[in-house]
Amino acid sequence: MHDDLATVFPIEQTALVIAHPGHELRVWYWLEQVRPLTSIVTDGSGQTGRSRASFSRGLLQEAGARASSFFGVASDRTIYAAVLAGNHDFFRSLIDDIASELIRQRIRCVVGDAAEGRIMAHDLLREVRREAVRRAEQSLDWQITQYEYALDSHPASHPPLAAHQIQKLNLSESDLARKLSIARGYQAIESIVDADIGTYGERAFSVECMFACTDASLLTRLDDGKLPYELHGEEQVRLGRYPTVIRYRDHLVPILKRLTPERYAA
């Protein structure tokens with residue numbers, strides 16, 4: 001690993017904590033260099049019911065990264081059911097498990113998904129990760145550095161306020177070719193990979209941009225104040241695919257107030 005990377009992401013004390021299998025592909029070059037302890041909350045089964053956790057586990061093994069004991073522990077359907085039920089105890093349990101793993105491994109740096117307003121589970125599990133880090137810090141008695149990266153936006157995206165707190169990796173032609181080959185070989189998310197490459201072009205993925213995790217995020221509301229995943233939910237309800245639209249104010253905020261009252265007191 002490059003010396004400058006090791007300074008920011010200490011070997012054997014850096015963790016990648018992400019919502020779904022496949023999210024690791026956005027920072028694949030970084031992952032091969034740092035080989036982080038990797039925790040994945042869901043199994044990525046989505047509406048199909050087919051887990052893709054084992055495929056990501058295999059990729060991590062080939063890259064020399066470590067799969068955490070906290071790996072693909074919940075289905076997407078379970079996450080959504082817990083949100084609709086307001087089951088904050090379910091998410092508190094996730095926080096406890098992630099924090100325990102960070103403490104056992106004596107982690108000093110955590111990298112994870114940014115909040116972008118496009119996928120509800122991504123944004124909610126980002127807050128689960130942040131609270132787990134806070135609890136781990138209390139137990140370890142040191143500050144854990146946190147970085148995030150865009151998953152549903154341009155790979156080089158970052159909040160304007162984080163412009164001075166960025167770790168940016170520029171891939172060579174061969175590094176990019178390897179990364180794209182691995183991404184295109186992930187059949188379970190082939191359509192997502194193709195859509196991202198079609199939107200941004202191959203060269204966009206030659207940059208891996210990680211920015212400091214703060215209260216700032218990439219989350220953007222639409223003109224009517226709704227989040228993109230709320231609008232998507234409305235369309236799915238209209239088509240008869242979802243019974244209920246998950247709303248940030250109605251569903252997520254009550255859970256977040258119970259999990260992280262100091263951040264969501266208002």
# chains A, B, ... in the order shown; residues from 1 in each chain; ligands from 1
>>> residues_around(residues="range 223-229 of chain A", least_positions_apart="2", cutoff="12 Å", atoms="only C-alpha atoms", output="ChimeraX atom specification")
/A:115-124,152,218-221,231-236,245-249
>>> closest_atom_pairs(of="range 142-162 of chain A", to="range 187-201 of chain A", cutoff="9 Å", atoms="only C-alpha atoms", output="JSON lines")
{"residue": "A:Asp152", "atom": "CA", "partner": "A:Asp196", "partner_atom": "CA", "distance": 8.3}
{"residue": "A:Ser153", "atom": "CA", "partner": "A:Asp196", "partner_atom": "CA", "distance": 8.7}
{"residue": "A:His154", "atom": "CA", "partner": "A:Tyr200", "partner_atom": "CA", "distance": 6.7}
{"residue": "A:Pro155", "atom": "CA", "partner": "A:Tyr200", "partner_atom": "CA", "distance": 8.5}
>>> closest_residue(among="A:Asp250, A:Cys213, A:Leu94, A:Cys109", to="Gln143 in chain A", atoms="only C-alpha atoms")
A:Cys109
>>> select_by_dssp(residues="range 48-237 of chain A", states="strand (DSSP E)", output="VMD selection string")
chain A and resid 66 to 74 109 to 113 145 to 149 166 to 170 207 to 212
>>> residues_around(residues="range 175-182 of chain A", least_positions_apart="4", cutoff="9 Å", atoms="only C-alpha atoms", output="PDB file with C-alpha atoms, in the first residue's frame")
ATOM      1  CA  LEU A  25     -17.232  -1.500  -6.402  1.00  0.00           C
ATOM      2  CA  ARG A  26     -17.279   2.300  -6.326  1.00  0.00           C
ATOM      3  CA  VAL A  27     -14.028   2.315  -4.337  1.00  0.00           C
ATOM      4  CA  TRP A  28     -12.537  -0.913  -5.624  1.00  0.00           C
ATOM      5  CA  TYR A  29      -9.012   0.387  -6.225  1.00  0.00           C
ATOM      6  CA  LEU A  59     -14.632 -10.594  -4.309  1.00  0.00           C
ATOM      7  CA  LEU A 171      -6.532   5.277 -11.271  1.00  0.00           C
ATOM      8  CA  TYR A 186     -21.095  -8.685 -10.929  1.00  0.00           C
ATOM      9  CA  VAL A 193     -23.399  -0.914 -13.399  1.00  0.00           C
ATOM     10  CA  GLU A 202     -16.068   4.995 -18.075  1.00  0.00           C
ATOM     11  CA  ARG A 203     -13.505   7.714 -17.342  1.00  0.00           C
ATOM     12  CA  PHE A 205     -14.749   5.867 -12.510  1.00  0.00           C
ATOM     13  CA  SER A 206     -11.017   6.481 -12.785  1.00  0.00           C
ATOM     14  CA  VAL A 207     -11.403   8.756  -9.763  1.00  0.00           C
TER      15      VAL A 207
END
>>> atom_distance(atom1="CA of Lys257 in chain A", atom2="CA of Ser217 in chain A")
18.5 Å
>>> closest_residue(among="A:Thr214, A:Ser39, A:Ser51, A:Ser75", to="Ile18 in chain A", atoms="only C-alpha atoms")
A:Ser39
>>> residues_around(residues="Val73 in chain A", least_positions_apart="5", cutoff="7 Å", atoms="only C-alpha atoms", output="count of residues only")
3
>>> closest_residue(among="A:Ser93, A:Ser69, A:Gln167, A:Ser172", to="Val111 in chain A", atoms="only C-alpha atoms")
A:Gln167
>>> decode(residues="range 134-168 of chain A", atoms="N, CA and C atoms", output="PDB file, in the first residue's frame")
ATOM      1  N   ARG A 134     -19.924   6.404  16.827  1.00  0.00           N
ATOM      2  CA  ARG A 134     -19.918   7.231  18.041  1.00  0.00           C
ATOM      3  C   ARG A 134     -19.810   6.354  19.293  1.00  0.00           C
ATOM      4  N   ARG A 135     -20.543   5.253  19.304  1.00  0.00           N
ATOM      5  CA  ARG A 135     -20.502   4.365  20.465  1.00  0.00           C
ATOM      6  C   ARG A 135     -19.148   3.661  20.570  1.00  0.00           C
ATOM      7  N   ALA A 136     -18.593   3.289  19.438  1.00  0.00           N
ATOM      8  CA  ALA A 136     -17.279   2.640  19.454  1.00  0.00           C
ATOM      9  C   ALA A 136     -16.221   3.611  19.970  1.00  0.00           C
ATOM     10  N   GLU A 137     -16.332   4.874  19.594  1.00  0.00           N
ATOM     11  CA  GLU A 137     -15.380   5.885  20.069  1.00  0.00           C
ATOM     12  C   GLU A 137     -15.403   5.981  21.589  1.00  0.00           C
ATOM     13  N   GLN A 138     -16.585   5.937  22.161  1.00  0.00           N
ATOM     14  CA  GLN A 138     -16.702   6.040  23.609  1.00  0.00           C
ATOM     15  C   GLN A 138     -16.009   4.876  24.308  1.00  0.00           C
ATOM     16  N   SER A 139     -16.139   3.700  23.734  1.00  0.00           N
ATOM     17  CA  SER A 139     -15.532   2.520  24.338  1.00  0.00           C
ATOM     18  C   SER A 139     -14.020   2.482  24.131  1.00  0.00           C
ATOM     19  N   LEU A 140     -13.570   2.845  22.922  1.00  0.00           N
ATOM     20  CA  LEU A 140     -12.142   2.792  22.599  1.00  0.00           C
ATOM     21  C   LEU A 140     -11.373   3.978  23.160  1.00  0.00           C
ATOM     22  N   ASP A 141     -12.116   5.047  23.454  1.00  0.00           N
ATOM     23  CA  ASP A 141     -11.517   6.277  23.985  1.00  0.00           C
ATOM     24  C   ASP A 141     -10.570   6.923  22.972  1.00  0.00           C
ATOM     25  N   TRP A 142     -10.954   6.861  21.703  1.00  0.00           N
ATOM     26  CA  TRP A 142     -10.254   7.639  20.678  1.00  0.00           C
ATOM     27  C   TRP A 142     -11.232   7.988  19.558  1.00  0.00           C
ATOM     28  N   GLN A 143     -10.877   9.006  18.802  1.00  0.00           N
ATOM     29  CA  GLN A 143     -11.727   9.434  17.690  1.00  0.00           C
ATOM     30  C   GLN A 143     -11.497   8.540  16.489  1.00  0.00           C
ATOM     31  N   ILE A 144     -12.591   8.109  15.888  1.00  0.00           N
ATOM     32  CA  ILE A 144     -12.527   7.309  14.668  1.00  0.00           C
ATOM     33  C   ILE A 144     -12.776   8.239  13.484  1.00  0.00           C
ATOM     34  N   THR A 145     -11.814   8.336  12.590  1.00  0.00           N
ATOM     35  CA  THR A 145     -11.974   9.169  11.395  1.00  0.00           C
ATOM     36  C   THR A 145     -13.001   8.519  10.477  1.00  0.00           C
ATOM     37  N   GLN A 146     -13.894   9.342   9.917  1.00  0.00           N
ATOM     38  CA  GLN A 146     -14.912   8.810   9.005  1.00  0.00           C
ATOM     39  C   GLN A 146     -14.858   9.506   7.647  1.00  0.00           C
ATOM     40  N   TYR A 147     -14.924   8.686   6.593  1.00  0.00           N
ATOM     41  CA  TYR A 147     -15.023   9.188   5.227  1.00  0.00           C
ATOM     42  C   TYR A 147     -16.225   8.545   4.545  1.00  0.00           C
ATOM     43  N   GLU A 148     -16.754   9.262   3.568  1.00  0.00           N
ATOM     44  CA  GLU A 148     -17.884   8.766   2.786  1.00  0.00           C
ATOM     45  C   GLU A 148     -17.595   8.927   1.305  1.00  0.00           C
ATOM     46  N   TYR A 149     -18.383   8.222   0.496  1.00  0.00           N
ATOM     47  CA  TYR A 149     -18.249   8.374  -0.953  1.00  0.00           C
ATOM     48  C   TYR A 149     -19.625   8.281  -1.606  1.00  0.00           C
ATOM     49  N   ALA A 150     -19.737   8.907  -2.768  1.00  0.00           N
ATOM     50  CA  ALA A 150     -21.001   8.916  -3.497  1.00  0.00           C
ATOM     51  C   ALA A 150     -21.259   7.554  -4.117  1.00  0.00           C
ATOM     52  N   LEU A 151     -22.488   7.116  -4.021  1.00  0.00           N
ATOM     53  CA  LEU A 151     -22.873   5.845  -4.610  1.00  0.00           C
ATOM     54  C   LEU A 151     -23.879   6.023  -5.744  1.00  0.00           C
ATOM     55  N   ASP A 152     -24.764   6.988  -5.606  1.00  0.00           N
ATOM     56  CA  ASP A 152     -25.827   7.206  -6.586  1.00  0.00           C
ATOM     57  C   ASP A 152     -25.628   8.496  -7.368  1.00  0.00           C
ATOM     58  N   SER A 153     -24.477   9.125  -7.217  1.00  0.00           N
ATOM     59  CA  SER A 153     -24.150  10.365  -7.922  1.00  0.00           C
ATOM     60  C   SER A 153     -22.844  10.159  -8.677  1.00  0.00           C
ATOM     61  N   HIS A 154     -22.352  11.222  -9.303  1.00  0.00           N
ATOM     62  CA  HIS A 154     -21.061  11.146  -9.995  1.00  0.00           C
ATOM     63  C   HIS A 154     -19.986  10.713  -8.998  1.00  0.00           C
ATOM     64  N   PRO A 155     -19.070   9.835  -9.391  1.00  0.00           N
ATOM     65  CA  PRO A 155     -18.062   9.326  -8.452  1.00  0.00           C
ATOM     66  C   PRO A 155     -17.215  10.400  -7.775  1.00  0.00           C
ATOM     67  N   ALA A 156     -17.054  11.556  -8.403  1.00  0.00           N
ATOM     68  CA  ALA A 156     -16.237  12.621  -7.810  1.00  0.00           C
ATOM     69  C   ALA A 156     -17.061  13.592  -6.978  1.00  0.00           C
ATOM     70  N   SER A 157     -18.337  13.292  -6.762  1.00  0.00           N
ATOM     71  CA  SER A 157     -19.206  14.196  -6.007  1.00  0.00           C
ATOM     72  C   SER A 157     -18.778  14.303  -4.546  1.00  0.00           C
ATOM     73  N   HIS A 158     -18.967  15.496  -3.996  1.00  0.00           N
ATOM     74  CA  HIS A 158     -18.719  15.709  -2.571  1.00  0.00           C
ATOM     75  C   HIS A 158     -19.470  16.961  -2.136  1.00  0.00           C
ATOM     76  N   PRO A 159     -19.855  17.068  -0.869  1.00  0.00           N
ATOM     77  CA  PRO A 159     -20.513  18.289  -0.391  1.00  0.00           C
ATOM     78  C   PRO A 159     -19.548  19.461  -0.498  1.00  0.00           C
ATOM     79  N   PRO A 160     -20.024  20.638  -0.894  1.00  0.00           N
ATOM     80  CA  PRO A 160     -19.139  21.802  -1.015  1.00  0.00           C
ATOM     81  C   PRO A 160     -18.345  22.091   0.256  1.00  0.00           C
ATOM     82  N   LEU A 161     -18.960  21.882   1.405  1.00  0.00           N
ATOM     83  CA  LEU A 161     -18.276  22.183   2.665  1.00  0.00           C
ATOM     84  C   LEU A 161     -17.137  21.203   2.963  1.00  0.00           C
ATOM     85  N   ALA A 162     -17.118  20.086   2.241  1.00  0.00           N
ATOM     86  CA  ALA A 162     -16.070  19.095   2.483  1.00  0.00           C
ATOM     87  C   ALA A 162     -14.946  19.179   1.457  1.00  0.00           C
ATOM     88  N   ALA A 163     -14.926  20.243   0.679  1.00  0.00           N
ATOM     89  CA  ALA A 163     -13.955  20.348  -0.416  1.00  0.00           C
ATOM     90  C   ALA A 163     -12.510  20.291   0.069  1.00  0.00           C
ATOM     91  N   HIS A 164     -12.268  20.719   1.299  1.00  0.00           N
ATOM     92  CA  HIS A 164     -10.901  20.732   1.831  1.00  0.00           C
ATOM     93  C   HIS A 164     -10.585  19.471   2.632  1.00  0.00           C
ATOM     94  N   GLN A 165     -11.532  18.527   2.656  1.00  0.00           N
ATOM     95  CA  GLN A 165     -11.334  17.293   3.416  1.00  0.00           C
ATOM     96  C   GLN A 165     -11.604  16.082   2.522  1.00  0.00           C
ATOM     97  N   ILE A 166     -10.858  15.987   1.442  1.00  0.00           N
ATOM     98  CA  ILE A 166     -11.078  14.945   0.442  1.00  0.00           C
ATOM     99  C   ILE A 166      -9.832  14.089   0.278  1.00  0.00           C
ATOM    100  N   GLN A 167     -10.065  12.806   0.130  1.00  0.00           N
ATOM    101  CA  GLN A 167      -9.016  11.882  -0.279  1.00  0.00           C
ATOM    102  C   GLN A 167      -9.396  11.409  -1.688  1.00  0.00           C
ATOM    103  N   LYS A 168      -8.587  11.762  -2.664  1.00  0.00           N
ATOM    104  CA  LYS A 168      -8.923  11.447  -4.044  1.00  0.00           C
ATOM    105  C   LYS A 168      -7.834  10.562  -4.650  1.00  0.00           C
TER     106      LYS A 168
END
